Amino acid sequence: MPKPDFGFAFAPNRALDLSAPLLPEVQVVLETEPSIRACMACGQCAAVCTAGAFTPLAFYRLVLQLRGGDVAAVGERARHCMLCGKCQMTCPRGVNIRNAVLLMAALAPPKP
Amino acid sequence: MEKSAWFVWPFMLGFMFALVVLLLRYLWWLRSLWRRPSSRLLSRMFSKHSLLAVREIFSEGLLHLRIYKRNRRLGFMHMSLALGWFMMIVGGKFETWFHSGQFLHGTWYAVFFRYFEPQTAGGWAGTFWLHYMDLGLLLVLTGLALAIMKRIRKRILGIHSSTRHTLVNRVALTFLWMIFPLRLVAEALTFGQHGGGGFLTGSLGRCCFSSGMLAGLELPLWWAYSLSLGAFFVVLPFSRYLHIPTEMALIFLRHWGLRAAEDLQPEKALQAFEIHACSACGLCLDVCPAIKDHPFQSAYFLRALRSGKGWESLASTCLSCGACEEACPINLGLEKLRTAARGKIHEKHHAVYSYLPTVAPVETSRVDVLLFTGCMGRLKPATTKALKDLFEEAGLTWVHLDEQESICCGRPLSLAGRAGEASALREHNRNLIQGQQARMLVTTCPICLKQFRDDYGLELPVYHHSEMLWYCLRAGRLKREKGTACFSYHDPCELGRKSACYQAPRELLQSCGTLLPLEREQADALCCGNSLGALSLSLSERQALTSRTLKVLEVSGAQSIVTSCPLCQHNLARQSRLPVRDLAEVLAVTGLPEQHGQRTAALAAVQEL
Ligand code: SF4
Ligand code: SF4
Ligand code: SF4
Ligand code: SF4
């Protein structure tokens, strides 16, 4: 079957297959904080992020990575959040970002 | 003693059982203290602190003065139940002592005294105790009548919500309610048959129970009294009535310097006593901004902690607005308990802030103010700008500490129960402050204010910008003329209840306009819905809370809503039909000369029409 041509291309590692089954630990996070599913990757949370001024933390990317199953990377990055809540105050979709980050940070292996 | 005394056994067995279970539970809770006795505790035990504890037990455990101050009828109900019962316990001792000349007797003797000795001996003292005991009983029965009324129609007692009880608590309640009417009838019958009795029991006996046909009922009634007492004591250690002895123990332990742990240990040390000292009085219900939507109020949260089930969701939805802690008559450390619970839920969460740049020590000349705007500063540049204009106007020099690289103060992490993880943030901010020479630190965010005051241990005083501006106004450094503007002011939880700052913002607004009275303000103010305490409250649930708060704020005549917290301001503005501004913005605008000019021009234009 020929590849469909959408008129644009993207790197395969950035593609997200939404039909692929989720990892169990990802499922737990999504079930504990269902509002994560409402994220539309608008990027507002990253624009106002306090930690993001110092380090490449962008919550919406964590959501994408989480869906993609890159659990360890999500956990590592989520640990940089300060829980200040600015993102949540500006999120147009009402994602409970602080709770999501708390759950995501727990995905990384324990602190040495 | 000629009569049969078998009926005292249900009471005695229940009483002993309660004592043993209580003792075992308390010893278990205090296990860490036996292993490591604290010298501070021992030295305080034999000092004035114990006397202070006794005084508090008297004023709170018996008279319930704090409840009385909040709600007189409810306070009277609690007082009459507790004080009446206490009067009867003390009176029972004296009564038997005067009657028999002996001080020590079996516990049952005082409890069922009138069954054994219906005739009063001991002269005037005996008569005094007889009437005194009746007074105690009357007091308890009054309290009981009020309690029953409270179950049927809460409004009569001035409350809207009362605690919904679990089965074991309802069973305990039933036994408790049976005890005193049964005692009244049993005593009245005995006096009716044998003569004697005080103003209540004696008269009731003479008028209703003197017929010889009723003689056969005497013993069964005393049996029933004993059974209900015994049954109540059996359920006491497993019901909310455990609060009666536990509250007293808690007051002593607190006065002896014991503090609640930071992490959740519901069966250990002071935390265990706090959790079990809650009487489910329900004062935390009506004050909760979410009482209409969620059952996470402290009475339910503590109950969930006691049973070990379901506390997680209750802890992470509560807003930590502090209203229940303010209302709780036994001053339970409710916020601390909630953050401990949140910390337990997220114990696997860890934070890493090694990416933060190191702060080089600064050597600057002395300024008046160090300004800290925190993470919200960048979201609310208008507030910062207004405040700087006001500094300028007041002739103050300042350094804006976090103008370039602002980070969080650490309190949001603390509210999520991860206070330990915030140490790197606090260290970073401390370094920013170190080396600066200033008279004070001023923050525009009440959350930062609380965190700096409580956990930073700074040498210089920390003020919220409203406090500092009020100081400038009083000192004549800022001058305002009373304009025509009408404000309603929203008290942020963190500034009001948590930092007890109510007056400064009000005085400032009064100086330049009219401040409207609200239905709920100051310590009773509602949370804006954007509290950092709640972790898993959904947006729609938050929005419902916000609308309710706005309903209070949008009083007729109000032209704008003023607050002094960036989070409240942001959140209220999202749903309000009136403009919502920070105090600093309001004050800066009213001071601007061009604004005065505009107003004069507008007035002139109106007059011309
Ligand atoms: S602001 Fe909200 S919706 Fe937008 S990307 Fe962030 S989490 Fe998703
Ligand atoms: S809570 Fe975390 S992710 Fe959100 S703005 Fe603050 S630092 Fe960024
Ligand atoms: S937490 Fe305090 S106010 Fe609430 S029911 Fe218990 S004792 Fe009463
Ligand atoms: S802290 Fe506020 S929101 Fe939470 S239970 Fe108490 S009154 Fe309700």
# chains A, B, ... in the order shown; residues from 1 in each chain; ligands from 1

$ residues_around --residues "Gly126 in chain B" --least-positions-apart "5" --cutoff "9 Å" --atoms "only C-alpha atoms" --output "PyMOL selection string"
chain B and resi 94-95+98-99+120-121+131

$ residues_near_ligand --ligand "ligand 4" --cutoff "9 Å" --atoms "only C-alpha atoms and all ligand atoms" --output "PyMOL selection string"
chain B and resi 284-291+294-301+314-315+317-327+334-335+338+493+526-527+529+531+533-534

$ write_last_selection --atoms "N, CA, C and O atoms" --output "short mmCIF file (atom, residue, chain, number, x, y, z; two decimals), in the first residue's frame"
data_model
loop_
_atom_site.label_atom_id
_atom_site.label_comp_id
_atom_site.auth_asym_id
_atom_site.auth_seq_id
_atom_site.Cartn_x
_atom_site.Cartn_y
_atom_site.Cartn_z
N CYS B 284 -17.05 22.82 61.46
CA CYS B 284 -16.24 22.97 60.24
C CYS B 284 -17.10 22.82 58.99
O CYS B 284 -16.60 22.99 57.89
N LEU B 285 -18.35 22.48 59.14
CA LEU B 285 -19.16 22.21 57.95
C LEU B 285 -19.69 23.49 57.30
O LEU B 285 -19.42 23.76 56.14
N ASP B 286 -20.43 24.27 58.07
CA ASP B 286 -21.07 25.44 57.47
C ASP B 286 -20.07 26.44 56.91
O ASP B 286 -20.38 27.16 55.97
N VAL B 287 -18.87 26.50 57.50
CA VAL B 287 -17.90 27.49 57.04
C VAL B 287 -17.22 27.08 55.74
O VAL B 287 -16.61 27.90 55.07
N CYS B 288 -17.29 25.81 55.38
CA CYS B 288 -16.54 25.32 54.22
C CYS B 288 -17.15 25.84 52.92
O CYS B 288 -18.35 25.70 52.69
N PRO B 289 -16.33 26.43 52.06
CA PRO B 289 -16.88 26.96 50.81
C PRO B 289 -17.48 25.88 49.93
O PRO B 289 -18.29 26.17 49.06
N ALA B 290 -17.08 24.63 50.15
CA ALA B 290 -17.54 23.56 49.27
C ALA B 290 -18.58 22.67 49.92
O ALA B 290 -18.87 21.59 49.40
N ILE B 291 -19.20 23.15 51.00
CA ILE B 291 -20.11 22.27 51.73
C ILE B 291 -21.26 21.79 50.87
O ILE B 291 -21.75 20.67 51.03
N HIS B 294 -19.19 19.02 48.08
CA HIS B 294 -18.29 17.91 48.38
C HIS B 294 -18.33 17.56 49.86
O HIS B 294 -18.40 18.45 50.69
N PRO B 295 -18.19 16.29 50.18
CA PRO B 295 -18.16 15.91 51.59
C PRO B 295 -16.72 15.75 52.09
O PRO B 295 -16.39 14.75 52.69
N PHE B 296 -15.86 16.71 51.82
CA PHE B 296 -14.47 16.53 52.27
C PHE B 296 -14.14 17.36 53.52
O PHE B 296 -12.98 17.51 53.86
N GLN B 297 -15.15 17.91 54.18
CA GLN B 297 -14.90 18.76 55.34
C GLN B 297 -14.15 17.98 56.43
O GLN B 297 -14.19 16.76 56.46
N SER B 298 -13.55 18.74 57.32
CA SER B 298 -12.66 18.13 58.30
C SER B 298 -13.32 17.02 59.10
O SER B 298 -12.69 16.00 59.39
N ALA B 299 -14.57 17.20 59.48
CA ALA B 299 -15.22 16.16 60.27
C ALA B 299 -15.18 14.83 59.51
O ALA B 299 -14.91 13.78 60.11
N TYR B 300 -15.41 14.88 58.19
CA TYR B 300 -15.40 13.64 57.41
C TYR B 300 -13.97 13.17 57.12
O TYR B 300 -13.70 11.97 57.08
N PHE B 301 -13.10 14.13 56.90
CA PHE B 301 -11.70 13.77 56.64
C PHE B 301 -11.10 13.05 57.84
O PHE B 301 -10.46 12.00 57.71
N LEU B 314 -10.34 12.81 49.90
CA LEU B 314 -10.80 13.94 50.71
C LEU B 314 -9.65 14.93 50.92
O LEU B 314 -9.85 16.14 50.93
N ALA B 315 -8.44 14.40 51.07
CA ALA B 315 -7.29 15.29 51.30
C ALA B 315 -6.93 16.03 50.03
O ALA B 315 -6.51 17.18 50.08
N THR B 317 -8.87 16.94 47.48
CA THR B 317 -9.85 17.86 46.90
C THR B 317 -10.05 19.10 47.75
O THR B 317 -10.44 20.14 47.24
N CYS B 318 -9.80 19.00 49.05
CA CYS B 318 -9.98 20.16 49.94
C CYS B 318 -9.07 21.30 49.48
O CYS B 318 -7.98 21.09 49.00
N LEU B 319 -9.57 22.52 49.64
CA LEU B 319 -8.85 23.69 49.13
C LEU B 319 -7.81 24.24 50.10
O LEU B 319 -7.08 25.17 49.77
N SER B 320 -7.77 23.71 51.31
CA SER B 320 -6.89 24.26 52.34
C SER B 320 -7.14 25.76 52.53
O SER B 320 -6.21 26.54 52.64
N CYS B 321 -8.40 26.12 52.54
CA CYS B 321 -8.72 27.55 52.67
C CYS B 321 -8.59 28.01 54.11
O CYS B 321 -8.57 29.21 54.39
N GLY B 322 -8.54 27.07 55.04
CA GLY B 322 -8.30 27.42 56.43
C GLY B 322 -9.55 27.79 57.22
O GLY B 322 -9.47 28.09 58.40
N ALA B 323 -10.72 27.76 56.57
CA ALA B 323 -11.93 28.17 57.29
C ALA B 323 -12.27 27.19 58.41
O ALA B 323 -12.71 27.59 59.48
N CYS B 324 -12.07 25.90 58.15
CA CYS B 324 -12.43 24.93 59.19
C CYS B 324 -11.44 25.00 60.35
O CYS B 324 -11.83 24.87 61.50
N GLU B 325 -10.19 25.20 60.03
CA GLU B 325 -9.20 25.29 61.10
C GLU B 325 -9.50 26.47 62.02
O GLU B 325 -9.36 26.41 63.22
N GLU B 326 -9.95 27.56 61.39
CA GLU B 326 -10.32 28.75 62.14
C GLU B 326 -11.54 28.48 63.03
O GLU B 326 -11.65 28.99 64.13
N ALA B 327 -12.44 27.65 62.53
CA ALA B 327 -13.69 27.41 63.26
C ALA B 327 -13.57 26.31 64.30
O ALA B 327 -14.34 26.26 65.25
N LEU B 334 -5.58 21.22 61.30
CA LEU B 334 -6.20 20.53 60.17
C LEU B 334 -5.40 20.67 58.88
O LEU B 334 -5.28 19.73 58.11
N GLU B 335 -4.83 21.86 58.64
CA GLU B 335 -4.06 22.02 57.41
C GLU B 335 -2.84 21.09 57.44
O GLU B 335 -2.50 20.45 56.45
N ARG B 338 -3.81 17.66 56.64
CA ARG B 338 -4.10 17.45 55.22
C ARG B 338 -2.83 17.41 54.40
O ARG B 338 -2.69 16.57 53.52
N CYS B 493 -7.51 33.76 51.19
CA CYS B 493 -7.37 32.85 52.35
C CYS B 493 -6.00 32.99 52.98
O CYS B 493 -5.86 33.02 54.20
N LEU B 526 -15.13 33.51 51.68
CA LEU B 526 -15.07 32.27 50.91
C LEU B 526 -13.79 32.24 50.09
O LEU B 526 -13.27 33.27 49.69
N CYS B 527 -13.34 31.03 49.79
CA CYS B 527 -12.15 30.85 48.94
C CYS B 527 -12.52 31.17 47.50
O CYS B 527 -13.64 30.91 47.06
N GLY B 529 -11.56 29.73 44.94
CA GLY B 529 -11.66 28.49 44.17
C GLY B 529 -10.36 28.10 43.51
O GLY B 529 -10.21 27.00 43.00
N SER B 531 -7.41 27.90 45.03
CA SER B 531 -6.40 27.60 46.04
C SER B 531 -5.42 26.54 45.56
O SER B 531 -5.78 25.61 44.85
N GLY B 533 -4.14 24.51 47.48
CA GLY B 533 -4.29 23.34 48.33
C GLY B 533 -4.94 22.19 47.59
O GLY B 533 -4.48 21.05 47.65
N ALA B 534 -5.99 22.49 46.84
CA ALA B 534 -6.70 21.42 46.14
C ALA B 534 -5.85 20.90 45.00
O ALA B 534 -5.35 21.67 44.18
#

$ interface_residues --of "chain A" --to "chain B" --cutoff "9 Å" --atoms "only C-alpha atoms" --output "VMD selection string"
chain A and resid 32 to 33 35 48 to 51 53 to 55 76 to 86 89 93 to 108 110 to 111

$ residues_near_ligand --ligand "ligand 1" --cutoff "6 Å" --atoms "only C-alpha atoms and all ligand atoms" --output "list in words"
Cys39, Met40, Ala41, Cys42, Gly43, Gln44, Cys45, Phe59, Tyr60, Cys91, Pro92, Arg93 and Val95 of chain A

$ write_last_selection --atoms "C-alpha atoms" --output "PDB file, in the first residue's frame"
ATOM      1  CA  CYS A  39      -4.873  18.571  26.973  1.00  0.00           C
ATOM      2  CA  MET A  40      -4.809  19.881  23.427  1.00  0.00           C
ATOM      3  CA  ALA A  41      -1.099  20.716  23.397  1.00  0.00           C
ATOM      4  CA  CYS A  42      -1.748  24.417  22.960  1.00  0.00           C
ATOM      5  CA  GLY A  43       1.473  25.203  24.781  1.00  0.00           C
ATOM      6  CA  GLN A  44       0.122  27.849  27.123  1.00  0.00           C
ATOM      7  CA  CYS A  45       1.411  25.905  30.113  1.00  0.00           C
ATOM      8  CA  PHE A  59       3.992  20.188  30.452  1.00  0.00           C
ATOM      9  CA  TYR A  60       2.266  19.520  27.164  1.00  0.00           C
ATOM     10  CA  CYS A  91      -4.728  26.295  30.884  1.00  0.00           C
ATOM     11  CA  PRO A  92      -7.790  26.696  28.664  1.00  0.00           C
ATOM     12  CA  ARG A  93      -8.772  23.050  29.129  1.00  0.00           C
ATOM     13  CA  VAL A  95      -6.036  20.243  33.168  1.00  0.00           C
TER      14      VAL A  95
END

$ residues_around --residues "range 62-67 of chain A" --least-positions-apart "6" --cutoff "8 Å" --atoms "only C-alpha atoms" --output "MDAnalysis selection string"
chainID A and resid 16 18 22 26 36 39 73:74 77:78

$ write_last_selection --atoms "N, CA, C and O atoms" --output "compact mmCIF listing (two decimals), in the first residue's frame"
# COMPACT_ATOMS: atom_id res chain seq x y z
N LEU A 16 2.69 10.01 17.15
CA LEU A 16 2.02 9.41 18.29
C LEU A 16 0.89 8.55 17.77
O LEU A 16 -0.02 9.04 17.10
N LEU A 18 -2.24 6.96 18.57
CA LEU A 18 -3.23 6.99 19.64
C LEU A 18 -3.98 5.68 19.78
O LEU A 18 -4.67 5.45 20.77
N LEU A 22 -1.91 1.64 25.92
CA LEU A 22 -1.09 2.41 26.86
C LEU A 22 -0.41 1.48 27.86
O LEU A 22 -0.94 0.41 28.19
N VAL A 26 1.03 4.21 32.77
CA VAL A 26 0.48 5.41 32.13
C VAL A 26 -1.03 5.45 32.34
O VAL A 26 -1.62 6.49 32.64
N ILE A 36 -5.97 15.06 32.35
CA ILE A 36 -4.81 15.08 31.44
C ILE A 36 -5.27 14.83 30.00
O ILE A 36 -4.75 15.40 29.05
N CYS A 39 -5.94 17.70 27.49
CA CYS A 39 -4.87 18.57 26.97
C CYS A 39 -4.90 18.58 25.45
O CYS A 39 -5.01 17.55 24.81
N ALA A 73 11.56 9.23 30.86
CA ALA A 73 11.86 10.62 30.51
C ALA A 73 10.83 11.56 31.14
O ALA A 73 11.18 12.63 31.65
N VAL A 74 9.57 11.16 31.13
CA VAL A 74 8.52 11.97 31.73
C VAL A 74 8.82 12.18 33.21
O VAL A 74 8.76 13.30 33.73
N ARG A 77 11.79 14.59 33.88
CA ARG A 77 11.47 15.98 33.56
C ARG A 77 10.46 16.58 34.54
O ARG A 77 10.59 17.71 34.98
N ALA A 78 9.49 15.75 34.91
CA ALA A 78 8.43 16.25 35.80
C ALA A 78 9.02 16.68 37.15
O ALA A 78 8.45 17.51 37.84

$ residues_around --residues "Ala18 in chain B" --least-positions-apart "3" --cutoff "12 Å" --atoms "only C-alpha atoms" --output "list in words"
Phe11, Met12, Leu13, Gly14, Phe15, Val21, Leu22, Leu23, Leu24, Arg25, Tyr26, Leu229, Gly230, Ala231, Phe232, Phe233, Val234, Val235, Leu236, Pro237, Phe238, Ser239, Tyr241, Leu242 and Pro245 of chain B

$ write_last_selection --atoms "N, CA and C atoms" --output "PDB file, in the first residue's frame"
ATOM      1  N   PHE B  11     -23.166  -2.001  83.714  1.00  0.00           N
ATOM      2  CA  PHE B  11     -22.405  -0.756  83.742  1.00  0.00           C
ATOM      3  C   PHE B  11     -20.942  -1.022  84.062  1.00  0.00           C
ATOM      4  N   MET B  12     -20.716  -1.807  85.135  1.00  0.00           N
ATOM      5  CA  MET B  12     -19.333  -2.017  85.568  1.00  0.00           C
ATOM      6  C   MET B  12     -18.497  -2.677  84.480  1.00  0.00           C
ATOM      7  N   LEU B  13     -19.076  -3.680  83.821  1.00  0.00           N
ATOM      8  CA  LEU B  13     -18.311  -4.379  82.781  1.00  0.00           C
ATOM      9  C   LEU B  13     -18.005  -3.439  81.619  1.00  0.00           C
ATOM     10  N   GLY B  14     -19.017  -2.688  81.202  1.00  0.00           N
ATOM     11  CA  GLY B  14     -18.815  -1.748  80.096  1.00  0.00           C
ATOM     12  C   GLY B  14     -17.763  -0.710  80.454  1.00  0.00           C
ATOM     13  N   PHE B  15     -17.866  -0.219  81.664  1.00  0.00           N
ATOM     14  CA  PHE B  15     -16.945   0.820  82.125  1.00  0.00           C
ATOM     15  C   PHE B  15     -15.503   0.308  82.151  1.00  0.00           C
ATOM     16  N   VAL B  21      -9.625  -0.596  77.103  1.00  0.00           N
ATOM     17  CA  VAL B  21      -9.363  -0.313  75.681  1.00  0.00           C
ATOM     18  C   VAL B  21      -8.710   1.059  75.527  1.00  0.00           C
ATOM     19  N   LEU B  22      -9.230   2.027  76.277  1.00  0.00           N
ATOM     20  CA  LEU B  22      -8.663   3.373  76.195  1.00  0.00           C
ATOM     21  C   LEU B  22      -7.201   3.371  76.580  1.00  0.00           C
ATOM     22  N   LEU B  23      -6.923   2.712  77.686  1.00  0.00           N
ATOM     23  CA  LEU B  23      -5.553   2.675  78.187  1.00  0.00           C
ATOM     24  C   LEU B  23      -4.629   2.043  77.149  1.00  0.00           C
ATOM     25  N   LEU B  24      -5.091   0.921  76.577  1.00  0.00           N
ATOM     26  CA  LEU B  24      -4.254   0.239  75.593  1.00  0.00           C
ATOM     27  C   LEU B  24      -4.031   1.119  74.369  1.00  0.00           C
ATOM     28  N   ARG B  25      -5.112   1.763  73.907  1.00  0.00           N
ATOM     29  CA  ARG B  25      -4.962   2.606  72.713  1.00  0.00           C
ATOM     30  C   ARG B  25      -4.009   3.763  72.987  1.00  0.00           C
ATOM     31  N   TYR B  26      -4.186   4.408  74.132  1.00  0.00           N
ATOM     32  CA  TYR B  26      -3.333   5.558  74.452  1.00  0.00           C
ATOM     33  C   TYR B  26      -1.869   5.124  74.578  1.00  0.00           C
ATOM     34  N   LEU B 229     -25.964   2.448  80.017  1.00  0.00           N
ATOM     35  CA  LEU B 229     -24.634   2.969  80.357  1.00  0.00           C
ATOM     36  C   LEU B 229     -23.549   2.009  79.894  1.00  0.00           C
ATOM     37  N   GLY B 230     -23.747   0.731  80.230  1.00  0.00           N
ATOM     38  CA  GLY B 230     -22.741  -0.283  79.880  1.00  0.00           C
ATOM     39  C   GLY B 230     -22.540  -0.350  78.383  1.00  0.00           C
ATOM     40  N   ALA B 231     -23.661  -0.358  77.646  1.00  0.00           N
ATOM     41  CA  ALA B 231     -23.558  -0.460  76.190  1.00  0.00           C
ATOM     42  C   ALA B 231     -22.846   0.764  75.620  1.00  0.00           C
ATOM     43  N   PHE B 232     -23.159   1.934  76.167  1.00  0.00           N
ATOM     44  CA  PHE B 232     -22.487   3.144  75.686  1.00  0.00           C
ATOM     45  C   PHE B 232     -20.980   3.041  75.908  1.00  0.00           C
ATOM     46  N   PHE B 233     -20.599   2.563  77.085  1.00  0.00           N
ATOM     47  CA  PHE B 233     -19.161   2.466  77.352  1.00  0.00           C
ATOM     48  C   PHE B 233     -18.480   1.443  76.448  1.00  0.00           C
ATOM     49  N   VAL B 234     -19.205   0.384  76.096  1.00  0.00           N
ATOM     50  CA  VAL B 234     -18.592  -0.614  75.211  1.00  0.00           C
ATOM     51  C   VAL B 234     -18.315  -0.008  73.833  1.00  0.00           C
ATOM     52  N   VAL B 235     -19.250   0.796  73.312  1.00  0.00           N
ATOM     53  CA  VAL B 235     -19.013   1.358  71.968  1.00  0.00           C
ATOM     54  C   VAL B 235     -18.150   2.615  72.009  1.00  0.00           C
ATOM     55  N   LEU B 236     -18.044   3.235  73.181  1.00  0.00           N
ATOM     56  CA  LEU B 236     -17.302   4.507  73.271  1.00  0.00           C
ATOM     57  C   LEU B 236     -15.921   4.482  72.612  1.00  0.00           C
ATOM     58  N   PRO B 237     -15.078   3.491  72.907  1.00  0.00           N
ATOM     59  CA  PRO B 237     -13.729   3.557  72.324  1.00  0.00           C
ATOM     60  C   PRO B 237     -13.701   3.375  70.812  1.00  0.00           C
ATOM     61  N   PHE B 238     -14.842   2.977  70.223  1.00  0.00           N
ATOM     62  CA  PHE B 238     -14.850   2.763  68.772  1.00  0.00           C
ATOM     63  C   PHE B 238     -15.734   3.767  68.053  1.00  0.00           C
ATOM     64  N   SER B 239     -16.247   4.710  68.801  1.00  0.00           N
ATOM     65  CA  SER B 239     -17.133   5.689  68.179  1.00  0.00           C
ATOM     66  C   SER B 239     -16.520   7.069  68.348  1.00  0.00           C
ATOM     67  N   TYR B 241     -17.377   9.162  70.320  1.00  0.00           N
ATOM     68  CA  TYR B 241     -17.352   9.577  71.731  1.00  0.00           C
ATOM     69  C   TYR B 241     -15.991   9.341  72.380  1.00  0.00           C
ATOM     70  N   LEU B 242     -15.130   8.669  71.635  1.00  0.00           N
ATOM     71  CA  LEU B 242     -13.747   8.561  72.090  1.00  0.00           C
ATOM     72  C   LEU B 242     -13.157   9.958  72.262  1.00  0.00           C
ATOM     73  N   PRO B 245     -12.616  11.541  76.286  1.00  0.00           N
ATOM     74  CA  PRO B 245     -11.341  11.450  77.002  1.00  0.00           C
ATOM     75  C   PRO B 245     -10.152  11.937  76.172  1.00  0.00           C
TER      76      PRO B 245
END

$ select_by_dssp --residues "range 439-481 of chain B" --states "strand (DSSP E)" --output "MDAnalysis selection string"
chainID B and resid 439:443 462:464

$ select_by_dssp --residues "range 247-336 of chain B" --states "alpha helix (DSSP H)" --output "number ranges by chain"
B: 247-255, 269-277, 283-286, 298-307, 311-317, 323-327, 334-336

$ atom_distance --atom1 "CA of Pro10 in chain B" --atom2 "CA of Leu227 in chain B"
5.3 Å

$ residues_around --residues "Leu469 in chain B" --least-positions-apart "3" --cutoff "10 Å" --atoms "only C-alpha atoms" --output "VMD selection string"
chain B and resid 387 390 to 391 394 463 to 466 472 to 475 477 to 478 504 to 505 507 to 508 583 to 584 587

$ write_last_selection --atoms "N, CA, C and O atoms" --output "tab-separated table (two decimals), in the first residue's frame"
chain	number	residue	atom	x	y	z
B	387	LEU	N	2.87	48.83	42.04
B	387	LEU	CA	3.53	48.89	43.33
B	387	LEU	C	4.81	49.73	43.24
B	387	LEU	O	5.11	50.53	44.13
B	390	LEU	N	3.99	53.25	43.32
B	390	LEU	CA	3.64	53.68	44.68
B	390	LEU	C	4.90	53.87	45.53
B	390	LEU	O	4.99	54.80	46.33
B	391	PHE	N	5.87	52.97	45.34
B	391	PHE	CA	7.16	53.13	46.05
B	391	PHE	C	7.75	54.50	45.70
B	391	PHE	O	8.23	55.23	46.54
B	394	ALA	N	5.98	57.27	47.30
B	394	ALA	CA	6.24	57.35	48.74
B	394	ALA	C	7.69	57.68	49.03
B	394	ALA	O	8.09	57.77	50.19
B	463	TYR	N	6.68	41.72	54.87
B	463	TYR	CA	5.34	42.29	54.81
B	463	TYR	C	4.68	42.02	53.48
B	463	TYR	O	5.35	41.87	52.46
B	464	HIS	N	3.39	41.97	53.54
B	464	HIS	CA	2.61	41.92	52.30
B	464	HIS	C	2.51	43.36	51.80
B	464	HIS	O	2.55	44.30	52.59
B	465	HIS	N	2.34	43.56	50.50
B	465	HIS	CA	2.35	44.95	50.02
B	465	HIS	C	1.22	45.78	50.62
B	465	HIS	O	1.37	46.97	50.80
B	466	SER	N	0.10	45.13	50.98
B	466	SER	CA	-0.97	45.92	51.58
B	466	SER	C	-0.54	46.48	52.94
B	466	SER	O	-0.85	47.62	53.28
B	472	CYS	N	2.73	53.27	54.81
B	472	CYS	CA	3.07	54.52	54.11
B	472	CYS	C	1.94	55.54	54.24
B	472	CYS	O	2.19	56.73	54.41
B	473	LEU	N	0.73	55.06	54.16
B	473	LEU	CA	-0.43	55.95	54.26
B	473	LEU	C	-0.49	56.59	55.64
B	473	LEU	O	-0.70	57.80	55.78
B	474	ARG	N	-0.28	55.77	56.67
B	474	ARG	CA	-0.35	56.30	58.03
B	474	ARG	C	0.78	57.28	58.30
B	474	ARG	O	0.63	58.25	59.03
B	475	ALA	N	1.94	56.97	57.68
B	475	ALA	CA	3.09	57.83	57.91
B	475	ALA	C	3.00	59.10	57.05
B	475	ALA	O	3.90	59.94	57.09
B	477	ARG	N	3.27	59.23	53.87
B	477	ARG	CA	4.10	59.18	52.67
B	477	ARG	C	3.26	59.01	51.42
B	477	ARG	O	3.70	59.31	50.32
B	478	LEU	N	2.08	58.46	51.59
B	478	LEU	CA	1.13	58.39	50.49
B	478	LEU	C	-0.08	59.18	50.92
B	478	LEU	O	-0.51	59.08	52.07
B	504	ALA	N	-5.34	46.20	57.02
B	504	ALA	CA	-4.56	47.03	56.11
B	504	ALA	C	-5.27	47.25	54.77
B	504	ALA	O	-5.46	48.40	54.35
B	505	PRO	N	-5.69	46.18	54.08
B	505	PRO	CA	-6.34	46.44	52.79
B	505	PRO	C	-7.61	47.27	52.93
B	505	PRO	O	-7.92	48.09	52.06
B	507	GLU	N	-8.32	49.59	55.23
B	507	GLU	CA	-7.99	51.00	55.48
B	507	GLU	C	-7.55	51.68	54.18
B	507	GLU	O	-7.92	52.82	53.91
B	508	LEU	N	-6.79	50.94	53.38
B	508	LEU	CA	-6.30	51.52	52.13
B	508	LEU	C	-7.46	51.85	51.20
B	508	LEU	O	-7.51	52.92	50.60
B	583	LEU	N	-5.07	45.48	44.84
B	583	LEU	CA	-5.08	46.66	45.68
B	583	LEU	C	-4.07	47.71	45.20
B	583	LEU	O	-4.36	48.92	45.16
B	584	ALA	N	-2.88	47.24	44.84
B	584	ALA	CA	-1.84	48.18	44.42
B	584	ALA	C	-2.26	48.92	43.17
B	584	ALA	O	-2.04	50.13	43.04
B	587	LEU	N	-4.80	51.59	44.10
B	587	LEU	CA	-4.19	52.71	44.80
B	587	LEU	C	-3.34	53.56	43.88
B	587	LEU	O	-3.33	54.79	43.98

$ residues_around --residues "Ile57 in chain B" --least-positions-apart "2" --cutoff "10 Å" --atoms "only C-alpha atoms" --output "list in words"
Leu51, Leu52, Ala53, Val54, Arg55, Ser59, Glu60, Gly61, Leu62, Leu63, His64, Glu247, Met248, Ala249, Leu250, Ile251 and Phe252 of chain B

$ residues_around --residues "Leu41 in chain B" --least-positions-apart "6" --cutoff "10 Å" --atoms "only C-alpha atoms" --output "number ranges by chain"
B: 33, 253-258

$ atom_distance --atom1 "CA of Gln119 in chain B" --atom2 "CA of Met178 in chain B"
25.6 Å

$ closest_residue --among "B:Ala500, B:Ala277, B:Met77, B:Ala544" --to "ligand 3" --atoms "only C-alpha atoms and all ligand atoms"
B:Ala277
